[in-house]
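Only one structure is covered here, and it is reproduced in the block below.
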Amino acid sequence: MNPSLMKGKGLVMGTARGEALVSTMAFTFAHGVDPSTGVVTDVRSDVRGKNVKGKILFYPFGKGSTTASSWFLETVRLGNNPVAIVTEGADLSAVIGSVMAKIVYGREIPVVAGIARTAFARLKSGTYVTLDGVRGEVRASR
């Protein structure tokens with residue numbers, strides 16, 4: 001098996017390429033990301049101060065309020081969104097936000113779930129990643 005290939009389930013279809021931003025902790029956009037900049041502001045986050053803009057964002061599961069999908073959508077409206085999201089457990093706020101981004105703004109932001117955090121925790125932020133939301137595949141470059 002190819003160690004750079006991670007297989008999950010595509011929840012929102014599409015493809016993306018970019019640098020990984022990897023959190024090993026629960027994540028939320030609601031009061032956790034500044035939509036006007038894309039900077040993670042959650043004081044409990046291990047990626048606080050990092051920017052989600054243009055990144056493939058990895059985290060194990062979502063936390064907090066269902067308003068996270070609205071915060072995510074505002075981040076998309078302002079152009080400061082990640083290009084894709086990868087989770088261990090299905091984060092419905094990310095799924096809703098991504099679907100709404102396609103409907104409202106015509107922006108495709110695929111979501112893949114079912115990737116064990118032990119697999120993506122081996123990734124370093126900044127690693128170049130390609131994602132296929134149809135196949136549920138995430139591939140890290142060496």
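Labels for the structure tokens follow display order: chains A, B, ..., residues from 1 in each chain, ligands from 1.
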### Query
Looking only at the backbone, which of the residues in chain A does DSSP tag as helix (DSSP H, G or I), as a PyMOL selection string?
chain A and resi 68-77+92-105+117-120
How would the residues just picked look written out with C-alpha atoms as an mmCIF file, in the first residue's frame?
```cif
data_model
loop_
_atom_site.group_PDB
_atom_site.id
_atom_site.type_symbol
_atom_site.label_atom_id
_atom_site.label_comp_id
_atom_site.auth_asym_id
_atom_site.auth_seq_id
_atom_site.Cartn_x
_atom_site.Cartn_y
_atom_site.Cartn_z
ATOM 1 C CA ALA A 68 -19.897 27.208 12.264
ATOM 2 C CA SER A 69 -21.319 26.609 8.779
ATOM 3 C CA SER A 70 -22.358 30.289 8.603
ATOM 4 C CA TRP A 71 -18.913 31.412 9.747
ATOM 5 C CA PHE A 72 -17.385 29.097 7.150
ATOM 6 C CA LEU A 73 -19.636 30.552 4.438
ATOM 7 C CA GLU A 74 -18.614 34.096 5.436
ATOM 8 C CA THR A 75 -14.969 33.039 5.151
ATOM 9 C CA VAL A 76 -15.774 31.804 1.629
ATOM 10 C CA ARG A 77 -17.594 35.038 0.725
ATOM 11 C CA LEU A 92 -21.713 18.480 9.323
ATOM 12 C CA SER A 93 -20.883 22.188 9.682
ATOM 13 C CA ALA A 94 -18.090 21.798 7.118
ATOM 14 C CA VAL A 95 -20.340 19.797 4.819
ATOM 15 C CA ILE A 96 -23.178 22.346 5.055
ATOM 16 C CA GLY A 97 -20.770 25.252 4.580
ATOM 17 C CA SER A 98 -19.181 23.594 1.547
ATOM 18 C CA VAL A 99 -22.514 22.763 -0.075
ATOM 19 C CA MET A 100 -23.755 26.315 0.518
ATOM 20 C CA ALA A 101 -20.496 27.730 -0.908
ATOM 21 C CA LYS A 102 -21.256 25.888 -4.156
ATOM 22 C CA ILE A 103 -24.903 27.007 -4.233
ATOM 23 C CA VAL A 104 -24.395 30.627 -3.193
ATOM 24 C CA TYR A 105 -20.945 31.493 -4.573
ATOM 25 C CA ARG A 117 -6.204 11.151 12.593
ATOM 26 C CA THR A 118 -3.198 8.869 13.117
ATOM 27 C CA ALA A 119 -2.749 8.908 9.324
ATOM 28 C CA PHE A 120 -3.013 12.651 8.820
#
```
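Relative to CA of Val40 (chain A), CA of Thr67 (chain A) is found at 16.3 Å.
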### Surrounding residues of Ala116 (chain A) excluding itself and chain neighbours under 6 positions, 8 Å, only C-alpha atoms, as a VMD selection string
chain A and resid 60 87 to 88
### Message
From a backbone DSSP assignment, name each residue in chain A labelled strand (DSSP E or B), as an MDAnalysis selection string.
### Response
chainID A and resid 5:7 9:12 15:22 27 33 39:40 51 56:59 62 84:87 111:113 128:132 137:140
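With only C-alpha atoms as the atoms that count, the minimum distance from Leu21 (chain A) to the choices A:Asp46, A:Glu108, A:Asp132, A:Glu137 is reached by A:Asp46.
Nearest residue to Met6 (chain A) among A:Ser45, A:Thr28, A:Thr130, A:Asn51 is A:Thr130, counting only C-alpha atoms.
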## Note on the structure
re CA of Phe29 (chain A) and CA of Val52 (chain A): distance 10.2 Å
### Query
Between A:Gly89, A:Gly64, A:Gly106, A:Gly79, which one has atoms that come closest to Ser36 (chain A), using only C-alpha atoms?
A:Gly79
#### Entry: Nearby residues (only C-alpha atoms) at most 12 Å from Lys124 (chain A), same-chain spacing under 5 positions excluded, as a PyMOL selection string
chain A and resi 19-24+47+56-58+119+129+140-142
Generate the output file for the selected residues, C-alpha atoms, as a PDB file, in the first residue's frame.
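out16.pdb written:
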```pdb
ATOM      1  CA  GLU A  19      -0.537  22.833   1.198  1.00  0.00           C
ATOM      2  CA  ALA A  20      -1.840  20.953   4.201  1.00  0.00           C
ATOM      3  CA  LEU A  21      -2.727  22.741   7.416  1.00  0.00           C
ATOM      4  CA  VAL A  22      -2.899  19.966   9.999  1.00  0.00           C
ATOM      5  CA  SER A  23      -4.627  20.188  13.367  1.00  0.00           C
ATOM      6  CA  THR A  24      -4.813  17.188  15.659  1.00  0.00           C
ATOM      7  CA  VAL A  47      -2.915  25.854  14.711  1.00  0.00           C
ATOM      8  CA  ILE A  56      -6.279  21.783   2.600  1.00  0.00           C
ATOM      9  CA  LEU A  57      -7.417  21.797   6.211  1.00  0.00           C
ATOM     10  CA  PHE A  58      -7.080  18.593   8.243  1.00  0.00           C
ATOM     11  CA  ALA A 119      -2.749   8.908   9.324  1.00  0.00           C
ATOM     12  CA  VAL A 129      -1.506  17.443  -0.970  1.00  0.00           C
ATOM     13  CA  ALA A 140       0.613  13.618   0.111  1.00  0.00           C
ATOM     14  CA  SER A 141       3.673  14.464  -1.980  1.00  0.00           C
ATOM     15  CA  ARG A 142       7.034  13.400  -0.733  1.00  0.00           C
TER      16      ARG A 142
END
```
### Query
Between CA of Gly54 (chain A) and CA of Gly10 (chain A), what is the spacing in Å?
19.2 Å
### Task
Identify which of the residues A:Lys7, A:Arg48, A:Arg17, A:Arg107 lies closest to Leu78 (chain A), counting only C-alpha atoms when measuring atom-to-atom distances.
A:Arg107
